[in-house]
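Peer 1: Please find one structure pasted underneath; my questions will follow.
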Amino acid sequence: MSRCVTEPRRGRAAHSVAFAMNPLTALVVIAALVAVATLIGVLGRVRSGRVRHASGKRLTAELLGLDAPLGASATIVQFSTVYCGPCRVAERILTPLASEPRGVRYADVDLGRRPQLAGRLGIVQTPTILLLDAAGRIASRIVGVPRAADVAARIEELTEEDHVVA
């Protein structure tokens, strides 16, 4: 039950209003807030790092600001920033995957140096990883630190598609 308390101020007729809350109600409100925050955290964690199929834009090495061409079969493009801790973890996961299958290249694009790409490609969080097919089209998008097995499976699909088409 709430009650309203008014206190007179010196020299003015203004009033301040304070509400007293039942301790049980306060406990329920706090528990509900903790539950909602936990649910949001769990959902974010579950969605982070998942490989999502995407059909998209064709990217070029020039557009990405890369010195070397895209991979012959597939390209792993990681968008990161200098101060992004999870980006270093993602890099350690992705680099070996690029060296295993033939024709797959890994490229890291620093959004601190190329901020216009973030807006152009809809990147709002780092790390964001795009998997490109042999033609440079966006085939998959990963936000957060990926699972190595999921990325390896998707790269395998992309390299098989390249061999079937060729």
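Residues in the structure tokens are named by chain (A, B, ... in the order shown) and by number from 1 within that chain; ligands are numbered from 1 in the order shown.
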I'd like the contact shell of stretch 86-91 of chain A - 7 Å cut-off, only C-alpha atoms, skipping same-chain residues fewer than 6 positions apart - returned as a short mmCIF file (atom, residue, chain, number, x, y, z; two decimals) with N, CA and C atoms, in the first residue's frame.
Peer 2:
```cif
data_model
loop_
_atom_site.label_atom_id
_atom_site.label_comp_id
_atom_site.auth_asym_id
_atom_site.auth_seq_id
_atom_site.Cartn_x
_atom_site.Cartn_y
_atom_site.Cartn_z
N SER A 80 36.20 -5.80 -37.07
CA SER A 80 36.58 -5.65 -35.67
C SER A 80 37.06 -4.23 -35.41
N THR A 126 30.76 -5.55 -32.93
CA THR A 126 31.95 -6.29 -33.30
C THR A 126 32.18 -7.38 -32.27
N PRO A 127 32.64 -8.54 -32.68
CA PRO A 127 32.95 -8.89 -34.06
C PRO A 127 31.69 -9.25 -34.85
N VAL A 145 31.24 -13.98 -31.16
CA VAL A 145 32.29 -14.99 -31.34
C VAL A 145 31.64 -16.27 -31.86
N PRO A 146 32.10 -16.75 -33.02
CA PRO A 146 31.47 -17.93 -33.62
C PRO A 146 31.97 -19.24 -33.01
#
```
Peer 1: Taking the DSSP secondary structure from the backbone, can you list the residues of stretch 6-112 of chain A that are strand (DSSP E), as a list in words?
Peer 2: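 Everything in stretch 6-112 of chain A that counts as strand (DSSP E) is Thr6, Glu7, Pro8, Arg9, Arg12, Ala13, Ala14, His15, Ser16, Val17, Ala18, Phe19, Val51, Arg52, His53, Ala74, Thr75, Ile76, Val77, Gln78, Phe79, Ser80, Val104, Arg105, Tyr106, Ala107, Asp108, Val109 and Asp110 of chain A.
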Peer 1: Output N, CA and C atoms of each residue in that selection to a file, as a PDB file, in the first residue's frame.
Peer 2:
```
ATOM      1  N   THR A   6       3.451  14.644   2.529  1.00  0.00           N
ATOM      2  CA  THR A   6       3.833  15.976   2.061  1.00  0.00           C
ATOM      3  C   THR A   6       4.614  16.668   3.146  1.00  0.00           C
ATOM      4  N   GLU A   7       5.635  17.387   2.753  1.00  0.00           N
ATOM      5  CA  GLU A   7       6.455  18.120   3.705  1.00  0.00           C
ATOM      6  C   GLU A   7       6.489  19.584   3.295  1.00  0.00           C
ATOM      7  N   PRO A   8       6.246  20.478   4.237  1.00  0.00           N
ATOM      8  CA  PRO A   8       6.337  21.905   3.899  1.00  0.00           C
ATOM      9  C   PRO A   8       7.798  22.315   3.763  1.00  0.00           C
ATOM     10  N   ARG A   9       8.075  23.234   2.843  1.00  0.00           N
ATOM     11  CA  ARG A   9       9.423  23.774   2.670  1.00  0.00           C
ATOM     12  C   ARG A   9       9.472  25.163   3.262  1.00  0.00           C
ATOM     13  N   ARG A  12       8.415  28.628   1.142  1.00  0.00           N
ATOM     14  CA  ARG A  12       7.599  28.354  -0.041  1.00  0.00           C
ATOM     15  C   ARG A  12       6.418  27.483   0.337  1.00  0.00           C
ATOM     16  N   ALA A  13       5.474  27.493  -0.562  1.00  0.00           N
ATOM     17  CA  ALA A  13       4.299  26.649  -0.337  1.00  0.00           C
ATOM     18  C   ALA A  13       4.430  25.338  -1.104  1.00  0.00           C
ATOM     19  N   ALA A  14       5.597  25.083  -1.711  1.00  0.00           N
ATOM     20  CA  ALA A  14       5.776  23.872  -2.522  1.00  0.00           C
ATOM     21  C   ALA A  14       5.813  22.644  -1.625  1.00  0.00           C
ATOM     22  N   HIS A  15       5.427  21.517  -2.199  1.00  0.00           N
ATOM     23  CA  HIS A  15       5.397  20.254  -1.466  1.00  0.00           C
ATOM     24  C   HIS A  15       6.258  19.226  -2.199  1.00  0.00           C
ATOM     25  N   SER A  16       6.927  18.362  -1.462  1.00  0.00           N
ATOM     26  CA  SER A  16       7.591  17.213  -2.075  1.00  0.00           C
ATOM     27  C   SER A  16       6.768  15.993  -1.712  1.00  0.00           C
ATOM     28  N   VAL A  17       6.754  15.040  -2.611  1.00  0.00           N
ATOM     29  CA  VAL A  17       5.933  13.861  -2.412  1.00  0.00           C
ATOM     30  C   VAL A  17       6.858  12.649  -2.328  1.00  0.00           C
ATOM     31  N   ALA A  18       6.684  11.830  -1.326  1.00  0.00           N
ATOM     32  CA  ALA A  18       7.460  10.604  -1.168  1.00  0.00           C
ATOM     33  C   ALA A  18       6.486   9.435  -1.068  1.00  0.00           C
ATOM     34  N   PHE A  19       6.841   8.324  -1.655  1.00  0.00           N
ATOM     35  CA  PHE A  19       5.992   7.149  -1.613  1.00  0.00           C
ATOM     36  C   PHE A  19       6.679   6.070  -0.793  1.00  0.00           C
ATOM     37  N   VAL A  51      25.660 -18.890 -36.941  1.00  0.00           N
ATOM     38  CA  VAL A  51      25.822 -18.666 -38.378  1.00  0.00           C
ATOM     39  C   VAL A  51      24.430 -18.547 -38.983  1.00  0.00           C
ATOM     40  N   ARG A  52      24.157 -17.385 -39.550  1.00  0.00           N
ATOM     41  CA  ARG A  52      22.856 -17.160 -40.188  1.00  0.00           C
ATOM     42  C   ARG A  52      23.066 -17.038 -41.695  1.00  0.00           C
ATOM     43  N   HIS A  53      22.277 -17.759 -42.427  1.00  0.00           N
ATOM     44  CA  HIS A  53      22.375 -17.668 -43.882  1.00  0.00           C
ATOM     45  C   HIS A  53      21.899 -16.297 -44.328  1.00  0.00           C
ATOM     46  N   ALA A  74      36.024 -19.240 -51.062  1.00  0.00           N
ATOM     47  CA  ALA A  74      35.257 -18.546 -50.021  1.00  0.00           C
ATOM     48  C   ALA A  74      36.177 -17.553 -49.325  1.00  0.00           C
ATOM     49  N   THR A  75      35.562 -16.584 -48.664  1.00  0.00           N
ATOM     50  CA  THR A  75      36.321 -15.597 -47.900  1.00  0.00           C
ATOM     51  C   THR A  75      35.627 -15.377 -46.567  1.00  0.00           C
ATOM     52  N   ILE A  76      36.431 -15.363 -45.506  1.00  0.00           N
ATOM     53  CA  ILE A  76      35.945 -15.050 -44.169  1.00  0.00           C
ATOM     54  C   ILE A  76      36.372 -13.613 -43.892  1.00  0.00           C
ATOM     55  N   VAL A  77      35.399 -12.717 -43.750  1.00  0.00           N
ATOM     56  CA  VAL A  77      35.705 -11.310 -43.478  1.00  0.00           C
ATOM     57  C   VAL A  77      35.233 -10.990 -42.068  1.00  0.00           C
ATOM     58  N   GLN A  78      36.190 -10.639 -41.202  1.00  0.00           N
ATOM     59  CA  GLN A  78      35.849 -10.261 -39.836  1.00  0.00           C
ATOM     60  C   GLN A  78      35.962  -8.757 -39.690  1.00  0.00           C
ATOM     61  N   PHE A  79      34.904  -8.150 -39.186  1.00  0.00           N
ATOM     62  CA  PHE A  79      34.910  -6.716 -38.896  1.00  0.00           C
ATOM     63  C   PHE A  79      35.160  -6.564 -37.405  1.00  0.00           C
ATOM     64  N   SER A  80      36.197  -5.803 -37.069  1.00  0.00           N
ATOM     65  CA  SER A  80      36.579  -5.650 -35.671  1.00  0.00           C
ATOM     66  C   SER A  80      37.058  -4.230 -35.410  1.00  0.00           C
ATOM     67  N   VAL A 104      40.278 -20.713 -49.467  1.00  0.00           N
ATOM     68  CA  VAL A 104      39.549 -19.912 -48.485  1.00  0.00           C
ATOM     69  C   VAL A 104      40.521 -18.917 -47.873  1.00  0.00           C
ATOM     70  N   ARG A 105      40.096 -17.660 -47.808  1.00  0.00           N
ATOM     71  CA  ARG A 105      40.955 -16.598 -47.290  1.00  0.00           C
ATOM     72  C   ARG A 105      40.292 -15.938 -46.093  1.00  0.00           C
ATOM     73  N   TYR A 106      41.111 -15.524 -45.128  1.00  0.00           N
ATOM     74  CA  TYR A 106      40.639 -14.779 -43.963  1.00  0.00           C
ATOM     75  C   TYR A 106      41.096 -13.336 -44.108  1.00  0.00           C
ATOM     76  N   ALA A 107      40.191 -12.391 -43.833  1.00  0.00           N
ATOM     77  CA  ALA A 107      40.544 -10.969 -43.876  1.00  0.00           C
ATOM     78  C   ALA A 107      39.922 -10.271 -42.680  1.00  0.00           C
ATOM     79  N   ASP A 108      40.694  -9.412 -42.042  1.00  0.00           N
ATOM     80  CA  ASP A 108      40.209  -8.635 -40.905  1.00  0.00           C
ATOM     81  C   ASP A 108      40.104  -7.175 -41.339  1.00  0.00           C
ATOM     82  N   VAL A 109      38.918  -6.603 -41.188  1.00  0.00           N
ATOM     83  CA  VAL A 109      38.689  -5.203 -41.552  1.00  0.00           C
ATOM     84  C   VAL A 109      38.485  -4.413 -40.271  1.00  0.00           C
ATOM     85  N   ASP A 110      39.343  -3.422 -40.037  1.00  0.00           N
ATOM     86  CA  ASP A 110      39.268  -2.570 -38.852  1.00  0.00           C
ATOM     87  C   ASP A 110      38.255  -1.457 -39.114  1.00  0.00           C
TER      88      ASP A 110
END
```
Peer 1: Please provide the set of residues having any atom within 8 Å of A:Gly112, restricted to only C-alpha atoms, with same-chain residues fewer than 2 positions apart removed, written as a ChimeraX atom specification.
Peer 2: /A:81-82,110,114-115
Peer 1: Could you tell me how far atom CA of A:Gly49 lies from atom CA of A:Asp67, in Å and to one decimal?
Peer 2: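 Rounded to one decimal, the two atoms are 27.2 Å apart.
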Peer 1: Could you tell me how far atom CA of A:Pro69 lies from atom CA of A:Leu97, in Å and to one decimal?
Peer 2: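 Going from atom CA of A:Pro69 over to atom CA of A:Leu97, I get 17.7 Å.
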Peer 1: Near A:Gly56, within 8 Å and counting only C-alpha atoms, which residues show up once chain neighbours fewer than 6 positions away are dropped, as a list in words?
Peer 2: Arg137, Ile138 and Ala139 of chain A
Peer 1: Have a look at atom CA of A:Gly41 and atom CA of A:Ile155 and let me know their distance in Å, one decimal.
Peer 2: 28.9 Å
Peer 1: Please provide the set of residues having any atom within 8 Å of A:Thr60, restricted to only C-alpha atoms, with same-chain residues fewer than 2 positions apart removed, written as a VMD selection string.
Peer 2: chain A and resid 58 62 to 64 69 to 70 136
Peer 1: Could you pull out the alpha helix (DSSP H) residues of chain A, going by DSSP on the backbone, and write them as a PDB file with N, CA and C atoms, in the first residue's frame?
Peer 2:
```pdb
ATOM      1  N   PRO A  23       7.437  -3.656   1.755  1.00  0.00           N
ATOM      2  CA  PRO A  23       8.671  -4.421   1.515  1.00  0.00           C
ATOM      3  C   PRO A  23       8.451  -5.655   0.639  1.00  0.00           C
ATOM      4  N   LEU A  24       7.329  -6.319   0.782  1.00  0.00           N
ATOM      5  CA  LEU A  24       7.051  -7.490  -0.044  1.00  0.00           C
ATOM      6  C   LEU A  24       6.893  -7.091  -1.514  1.00  0.00           C
ATOM      7  N   THR A  25       6.221  -5.984  -1.776  1.00  0.00           N
ATOM      8  CA  THR A  25       6.063  -5.485  -3.139  1.00  0.00           C
ATOM      9  C   THR A  25       7.420  -5.106  -3.725  1.00  0.00           C
ATOM     10  N   ALA A  26       8.254  -4.459  -2.933  1.00  0.00           N
ATOM     11  CA  ALA A  26       9.595  -4.081  -3.398  1.00  0.00           C
ATOM     12  C   ALA A  26      10.405  -5.319  -3.752  1.00  0.00           C
ATOM     13  N   LEU A  27      10.318  -6.351  -2.948  1.00  0.00           N
ATOM     14  CA  LEU A  27      11.041  -7.601  -3.214  1.00  0.00           C
ATOM     15  C   LEU A  27      10.565  -8.255  -4.509  1.00  0.00           C
ATOM     16  N   VAL A  28       9.263  -8.251  -4.732  1.00  0.00           N
ATOM     17  CA  VAL A  28       8.700  -8.816  -5.966  1.00  0.00           C
ATOM     18  C   VAL A  28       9.169  -8.027  -7.186  1.00  0.00           C
ATOM     19  N   VAL A  29       9.185  -6.698  -7.092  1.00  0.00           N
ATOM     20  CA  VAL A  29       9.640  -5.850  -8.201  1.00  0.00           C
ATOM     21  C   VAL A  29      11.112  -6.129  -8.509  1.00  0.00           C
ATOM     22  N   ILE A  30      11.932  -6.216  -7.481  1.00  0.00           N
ATOM     23  CA  ILE A  30      13.361  -6.499  -7.685  1.00  0.00           C
ATOM     24  C   ILE A  30      13.557  -7.876  -8.307  1.00  0.00           C
ATOM     25  N   ALA A  31      12.843  -8.877  -7.817  1.00  0.00           N
ATOM     26  CA  ALA A  31      12.948 -10.228  -8.378  1.00  0.00           C
ATOM     27  C   ALA A  31      12.520 -10.249  -9.848  1.00  0.00           C
ATOM     28  N   ALA A  32      11.476  -9.518 -10.188  1.00  0.00           N
ATOM     29  CA  ALA A  32      11.008  -9.456 -11.577  1.00  0.00           C
ATOM     30  C   ALA A  32      12.055  -8.797 -12.470  1.00  0.00           C
ATOM     31  N   LEU A  33      12.674  -7.710 -11.997  1.00  0.00           N
ATOM     32  CA  LEU A  33      13.718  -7.040 -12.777  1.00  0.00           C
ATOM     33  C   LEU A  33      14.920  -7.958 -12.997  1.00  0.00           C
ATOM     34  N   VAL A  34      15.312  -8.690 -11.969  1.00  0.00           N
ATOM     35  CA  VAL A  34      16.435  -9.633 -12.102  1.00  0.00           C
ATOM     36  C   VAL A  34      16.080 -10.733 -13.102  1.00  0.00           C
ATOM     37  N   ALA A  35      14.850 -11.237 -13.053  1.00  0.00           N
ATOM     38  CA  ALA A  35      14.417 -12.283 -13.978  1.00  0.00           C
ATOM     39  C   ALA A  35      14.427 -11.783 -15.427  1.00  0.00           C
ATOM     40  N   VAL A  36      13.938 -10.578 -15.647  1.00  0.00           N
ATOM     41  CA  VAL A  36      13.917 -10.010 -17.006  1.00  0.00           C
ATOM     42  C   VAL A  36      15.337  -9.790 -17.513  1.00  0.00           C
ATOM     43  N   ALA A  37      16.210  -9.248 -16.673  1.00  0.00           N
ATOM     44  CA  ALA A  37      17.606  -9.027 -17.078  1.00  0.00           C
ATOM     45  C   ALA A  37      18.307 -10.348 -17.393  1.00  0.00           C
ATOM     46  N   THR A  38      18.050 -11.375 -16.603  1.00  0.00           N
ATOM     47  CA  THR A  38      18.635 -12.697 -16.848  1.00  0.00           C
ATOM     48  C   THR A  38      18.133 -13.273 -18.167  1.00  0.00           C
ATOM     49  N   LEU A  39      16.856 -13.154 -18.427  1.00  0.00           N
ATOM     50  CA  LEU A  39      16.283 -13.655 -19.678  1.00  0.00           C
ATOM     51  C   LEU A  39      16.893 -12.951 -20.888  1.00  0.00           C
ATOM     52  N   ILE A  40      17.041 -11.649 -20.811  1.00  0.00           N
ATOM     53  CA  ILE A  40      17.654 -10.895 -21.909  1.00  0.00           C
ATOM     54  C   ILE A  40      19.089 -11.354 -22.116  1.00  0.00           C
ATOM     55  N   GLY A  41      19.831 -11.552 -21.039  1.00  0.00           N
ATOM     56  CA  GLY A  41      21.215 -12.028 -21.141  1.00  0.00           C
ATOM     57  C   GLY A  41      21.311 -13.408 -21.755  1.00  0.00           C
ATOM     58  N   VAL A  42      20.437 -14.317 -21.343  1.00  0.00           N
ATOM     59  CA  VAL A  42      20.451 -15.683 -21.874  1.00  0.00           C
ATOM     60  C   VAL A  42      20.102 -15.685 -23.362  1.00  0.00           C
ATOM     61  N   LEU A  43      19.087 -14.922 -23.744  1.00  0.00           N
ATOM     62  CA  LEU A  43      18.707 -14.858 -25.161  1.00  0.00           C
ATOM     63  C   LEU A  43      19.835 -14.271 -26.008  1.00  0.00           C
ATOM     64  N   GLY A  44      20.481 -13.235 -25.508  1.00  0.00           N
ATOM     65  CA  GLY A  44      21.610 -12.646 -26.225  1.00  0.00           C
ATOM     66  C   GLY A  44      22.746 -13.629 -26.381  1.00  0.00           C
ATOM     67  N   ARG A  45      23.013 -14.388 -25.342  1.00  0.00           N
ATOM     68  CA  ARG A  45      24.102 -15.376 -25.383  1.00  0.00           C
ATOM     69  C   ARG A  45      23.797 -16.502 -26.373  1.00  0.00           C
ATOM     70  N   VAL A  46      22.555 -16.954 -26.392  1.00  0.00           N
ATOM     71  CA  VAL A  46      22.155 -18.027 -27.303  1.00  0.00           C
ATOM     72  C   VAL A  46      22.269 -17.573 -28.757  1.00  0.00           C
ATOM     73  N   ARG A  47      21.887 -16.344 -29.036  1.00  0.00           N
ATOM     74  CA  ARG A  47      21.908 -15.842 -30.409  1.00  0.00           C
ATOM     75  C   ARG A  47      23.299 -15.443 -30.874  1.00  0.00           C
ATOM     76  N   ALA A  61      37.336  -6.935 -52.956  1.00  0.00           N
ATOM     77  CA  ALA A  61      38.500  -6.648 -52.117  1.00  0.00           C
ATOM     78  C   ALA A  61      38.723  -5.140 -52.034  1.00  0.00           C
ATOM     79  N   GLU A  62      38.499  -4.456 -53.126  1.00  0.00           N
ATOM     80  CA  GLU A  62      38.682  -3.002 -53.156  1.00  0.00           C
ATOM     81  C   GLU A  62      37.698  -2.299 -52.209  1.00  0.00           C
ATOM     82  N   LEU A  63      36.440  -2.702 -52.250  1.00  0.00           N
ATOM     83  CA  LEU A  63      35.422  -2.119 -51.379  1.00  0.00           C
ATOM     84  C   LEU A  63      35.786  -2.324 -49.907  1.00  0.00           C
ATOM     85  N   LEU A  64      36.321  -3.500 -49.576  1.00  0.00           N
ATOM     86  CA  LEU A  64      36.689  -3.824 -48.203  1.00  0.00           C
ATOM     87  C   LEU A  64      38.038  -3.222 -47.799  1.00  0.00           C
ATOM     88  N   GLY A  85      37.891  -7.045 -27.346  1.00  0.00           N
ATOM     89  CA  GLY A  85      38.451  -8.288 -26.815  1.00  0.00           C
ATOM     90  C   GLY A  85      37.901  -9.534 -27.502  1.00  0.00           C
ATOM     91  N   PRO A  86      36.577  -9.650 -27.664  1.00  0.00           N
ATOM     92  CA  PRO A  86      36.025 -10.827 -28.338  1.00  0.00           C
ATOM     93  C   PRO A  86      36.510 -10.971 -29.788  1.00  0.00           C
ATOM     94  N   CYS A  87      36.920  -9.865 -30.405  1.00  0.00           N
ATOM     95  CA  CYS A  87      37.426  -9.934 -31.783  1.00  0.00           C
ATOM     96  C   CYS A  87      38.710 -10.760 -31.851  1.00  0.00           C
ATOM     97  N   ARG A  88      39.554 -10.658 -30.829  1.00  0.00           N
ATOM     98  CA  ARG A  88      40.799 -11.441 -30.803  1.00  0.00           C
ATOM     99  C   ARG A  88      40.486 -12.918 -30.674  1.00  0.00           C
ATOM    100  N   VAL A  89      39.478 -13.251 -29.871  1.00  0.00           N
ATOM    101  CA  VAL A  89      39.061 -14.649 -29.716  1.00  0.00           C
ATOM    102  C   VAL A  89      38.540 -15.177 -31.049  1.00  0.00           C
ATOM    103  N   ALA A  90      37.693 -14.394 -31.707  1.00  0.00           N
ATOM    104  CA  ALA A  90      37.143 -14.799 -33.007  1.00  0.00           C
ATOM    105  C   ALA A  90      38.260 -14.997 -34.028  1.00  0.00           C
ATOM    106  N   GLU A  91      39.249 -14.120 -34.013  1.00  0.00           N
ATOM    107  CA  GLU A  91      40.375 -14.236 -34.949  1.00  0.00           C
ATOM    108  C   GLU A  91      41.126 -15.554 -34.743  1.00  0.00           C
ATOM    109  N   ARG A  92      41.335 -15.932 -33.473  1.00  0.00           N
ATOM    110  CA  ARG A  92      42.029 -17.198 -33.191  1.00  0.00           C
ATOM    111  C   ARG A  92      41.221 -18.407 -33.659  1.00  0.00           C
ATOM    112  N   ILE A  93      39.912 -18.282 -33.672  1.00  0.00           N
ATOM    113  CA  ILE A  93      39.048 -19.370 -34.149  1.00  0.00           C
ATOM    114  C   ILE A  93      39.041 -19.428 -35.675  1.00  0.00           C
ATOM    115  N   LEU A  94      38.957 -18.267 -36.312  1.00  0.00           N
ATOM    116  CA  LEU A  94      38.756 -18.211 -37.766  1.00  0.00           C
ATOM    117  C   LEU A  94      40.031 -18.415 -38.586  1.00  0.00           C
ATOM    118  N   THR A  95      41.157 -17.948 -38.110  1.00  0.00           N
ATOM    119  CA  THR A  95      42.400 -18.025 -38.886  1.00  0.00           C
ATOM    120  C   THR A  95      42.735 -19.455 -39.298  1.00  0.00           C
ATOM    121  N   PRO A  96      42.694 -20.439 -38.388  1.00  0.00           N
ATOM    122  CA  PRO A  96      42.988 -21.819 -38.822  1.00  0.00           C
ATOM    123  C   PRO A  96      41.972 -22.371 -39.828  1.00  0.00           C
ATOM    124  N   LEU A  97      40.731 -21.914 -39.733  1.00  0.00           N
ATOM    125  CA  LEU A  97      39.705 -22.404 -40.670  1.00  0.00           C
ATOM    126  C   LEU A  97      39.996 -21.949 -42.089  1.00  0.00           C
ATOM    127  N   ALA A  98      40.585 -20.784 -42.216  1.00  0.00           N
ATOM    128  CA  ALA A  98      40.897 -20.265 -43.551  1.00  0.00           C
ATOM    129  C   ALA A  98      42.069 -21.004 -44.159  1.00  0.00           C
ATOM    130  N   SER A  99      42.959 -21.530 -43.352  1.00  0.00           N
ATOM    131  CA  SER A  99      44.123 -22.196 -43.911  1.00  0.00           C
ATOM    132  C   SER A  99      43.863 -23.669 -44.224  1.00  0.00           C
ATOM    133  N   PRO A 115      35.055   3.267 -41.029  1.00  0.00           N
ATOM    134  CA  PRO A 115      33.740   3.334 -40.364  1.00  0.00           C
ATOM    135  C   PRO A 115      32.558   3.378 -41.335  1.00  0.00           C
ATOM    136  N   GLN A 116      32.783   3.853 -42.545  1.00  0.00           N
ATOM    137  CA  GLN A 116      31.681   3.928 -43.514  1.00  0.00           C
ATOM    138  C   GLN A 116      31.160   2.538 -43.874  1.00  0.00           C
ATOM    139  N   LEU A 117      32.000   1.508 -43.753  1.00  0.00           N
ATOM    140  CA  LEU A 117      31.552   0.146 -44.057  1.00  0.00           C
ATOM    141  C   LEU A 117      30.517  -0.344 -43.048  1.00  0.00           C
ATOM    142  N   ALA A 118      30.626   0.101 -41.808  1.00  0.00           N
ATOM    143  CA  ALA A 118      29.669  -0.324 -40.788  1.00  0.00           C
ATOM    144  C   ALA A 118      28.250   0.079 -41.192  1.00  0.00           C
ATOM    145  N   GLY A 119      28.077   1.316 -41.580  1.00  0.00           N
ATOM    146  CA  GLY A 119      26.759   1.776 -42.009  1.00  0.00           C
ATOM    147  C   GLY A 119      26.316   1.121 -43.301  1.00  0.00           C
ATOM    148  N   ARG A 120      27.239   0.984 -44.214  1.00  0.00           N
ATOM    149  CA  ARG A 120      26.915   0.422 -45.532  1.00  0.00           C
ATOM    150  C   ARG A 120      26.483  -1.042 -45.457  1.00  0.00           C
ATOM    151  N   LEU A 121      27.098  -1.794 -44.522  1.00  0.00           N
ATOM    152  CA  LEU A 121      26.804  -3.226 -44.410  1.00  0.00           C
ATOM    153  C   LEU A 121      25.930  -3.570 -43.205  1.00  0.00           C
ATOM    154  N   ALA A 148      33.599 -22.696 -33.865  1.00  0.00           N
ATOM    155  CA  ALA A 148      34.473 -23.163 -34.948  1.00  0.00           C
ATOM    156  C   ALA A 148      33.794 -24.221 -35.811  1.00  0.00           C
ATOM    157  N   ALA A 149      33.110 -25.167 -35.188  1.00  0.00           N
ATOM    158  CA  ALA A 149      32.472 -26.253 -35.949  1.00  0.00           C
ATOM    159  C   ALA A 149      31.387 -25.722 -36.886  1.00  0.00           C
ATOM    160  N   ASP A 150      30.622 -24.732 -36.431  1.00  0.00           N
ATOM    161  CA  ASP A 150      29.561 -24.158 -37.267  1.00  0.00           C
ATOM    162  C   ASP A 150      30.141 -23.432 -38.480  1.00  0.00           C
ATOM    163  N   VAL A 151      31.206 -22.666 -38.243  1.00  0.00           N
ATOM    164  CA  VAL A 151      31.839 -21.935 -39.349  1.00  0.00           C
ATOM    165  C   VAL A 151      32.484 -22.921 -40.319  1.00  0.00           C
ATOM    166  N   ALA A 152      33.152 -23.945 -39.793  1.00  0.00           N
ATOM    167  CA  ALA A 152      33.796 -24.948 -40.660  1.00  0.00           C
ATOM    168  C   ALA A 152      32.765 -25.644 -41.537  1.00  0.00           C
ATOM    169  N   ALA A 153      31.615 -25.983 -40.966  1.00  0.00           N
ATOM    170  CA  ALA A 153      30.559 -26.643 -41.744  1.00  0.00           C
ATOM    171  C   ALA A 153      30.049 -25.726 -42.854  1.00  0.00           C
ATOM    172  N   ARG A 154      29.856 -24.450 -42.549  1.00  0.00           N
ATOM    173  CA  ARG A 154      29.352 -23.512 -43.560  1.00  0.00           C
ATOM    174  C   ARG A 154      30.394 -23.273 -44.649  1.00  0.00           C
ATOM    175  N   ILE A 155      31.665 -23.195 -44.267  1.00  0.00           N
ATOM    176  CA  ILE A 155      32.733 -23.034 -45.264  1.00  0.00           C
ATOM    177  C   ILE A 155      32.787 -24.264 -46.171  1.00  0.00           C
ATOM    178  N   GLU A 156      32.607 -25.419 -45.577  1.00  0.00           N
ATOM    179  CA  GLU A 156      32.590 -26.660 -46.369  1.00  0.00           C
ATOM    180  C   GLU A 156      31.453 -26.617 -47.394  1.00  0.00           C
ATOM    181  N   GLU A 157      30.279 -26.151 -46.976  1.00  0.00           N
ATOM    182  CA  GLU A 157      29.152 -26.006 -47.902  1.00  0.00           C
ATOM    183  C   GLU A 157      29.510 -25.055 -49.043  1.00  0.00           C
ATOM    184  N   LEU A 158      30.129 -23.936 -48.696  1.00  0.00           N
ATOM    185  CA  LEU A 158      30.472 -22.938 -49.712  1.00  0.00           C
ATOM    186  C   LEU A 158      31.515 -23.473 -50.693  1.00  0.00           C
ATOM    187  N   THR A 159      32.499 -24.191 -50.199  1.00  0.00           N
ATOM    188  CA  THR A 159      33.538 -24.712 -51.102  1.00  0.00           C
ATOM    189  C   THR A 159      32.975 -25.855 -51.963  1.00  0.00           C
ATOM    190  N   GLU A 160      32.034 -26.622 -51.423  1.00  0.00           N
ATOM    191  CA  GLU A 160      31.389 -27.672 -52.224  1.00  0.00           C
ATOM    192  C   GLU A 160      30.542 -27.029 -53.328  1.00  0.00           C
ATOM    193  N   GLU A 161      29.809 -25.965 -53.002  1.00  0.00           N
ATOM    194  CA  GLU A 161      29.000 -25.255 -53.995  1.00  0.00           C
ATOM    195  C   GLU A 161      29.883 -24.736 -55.117  1.00  0.00           C
ATOM    196  N   ASP A 162      31.059 -24.230 -54.749  1.00  0.00           N
ATOM    197  CA  ASP A 162      32.010 -23.708 -55.735  1.00  0.00           C
ATOM    198  C   ASP A 162      32.451 -24.826 -56.678  1.00  0.00           C
ATOM    199  N   HIS A 163      32.707 -26.022 -56.137  1.00  0.00           N
ATOM    200  CA  HIS A 163      33.161 -27.135 -56.968  1.00  0.00           C
ATOM    201  C   HIS A 163      32.041 -27.670 -57.865  1.00  0.00           C
ATOM    202  N   VAL A 164      30.809 -27.621 -57.368  1.00  0.00           N
ATOM    203  CA  VAL A 164      29.666 -28.094 -58.154  1.00  0.00           C
ATOM    204  C   VAL A 164      29.424 -27.158 -59.323  1.00  0.00           C
ATOM    205  N   VAL A 165      29.514 -25.855 -59.084  1.00  0.00           N
ATOM    206  CA  VAL A 165      29.266 -24.865 -60.121  1.00  0.00           C
ATOM    207  C   VAL A 165      30.370 -24.898 -61.173  1.00  0.00           C
TER     208      VAL A 165
END
```
Peer 1: Of the residues A:Lys57, A:Gln125, A:Gly103, A:Asp133, which is the one nearest to A:Gly71, using only C-alpha atoms?
Peer 2: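 When distances to A:Gly71 are compared using only C-alpha atoms, the smallest one comes from A:Gly103.
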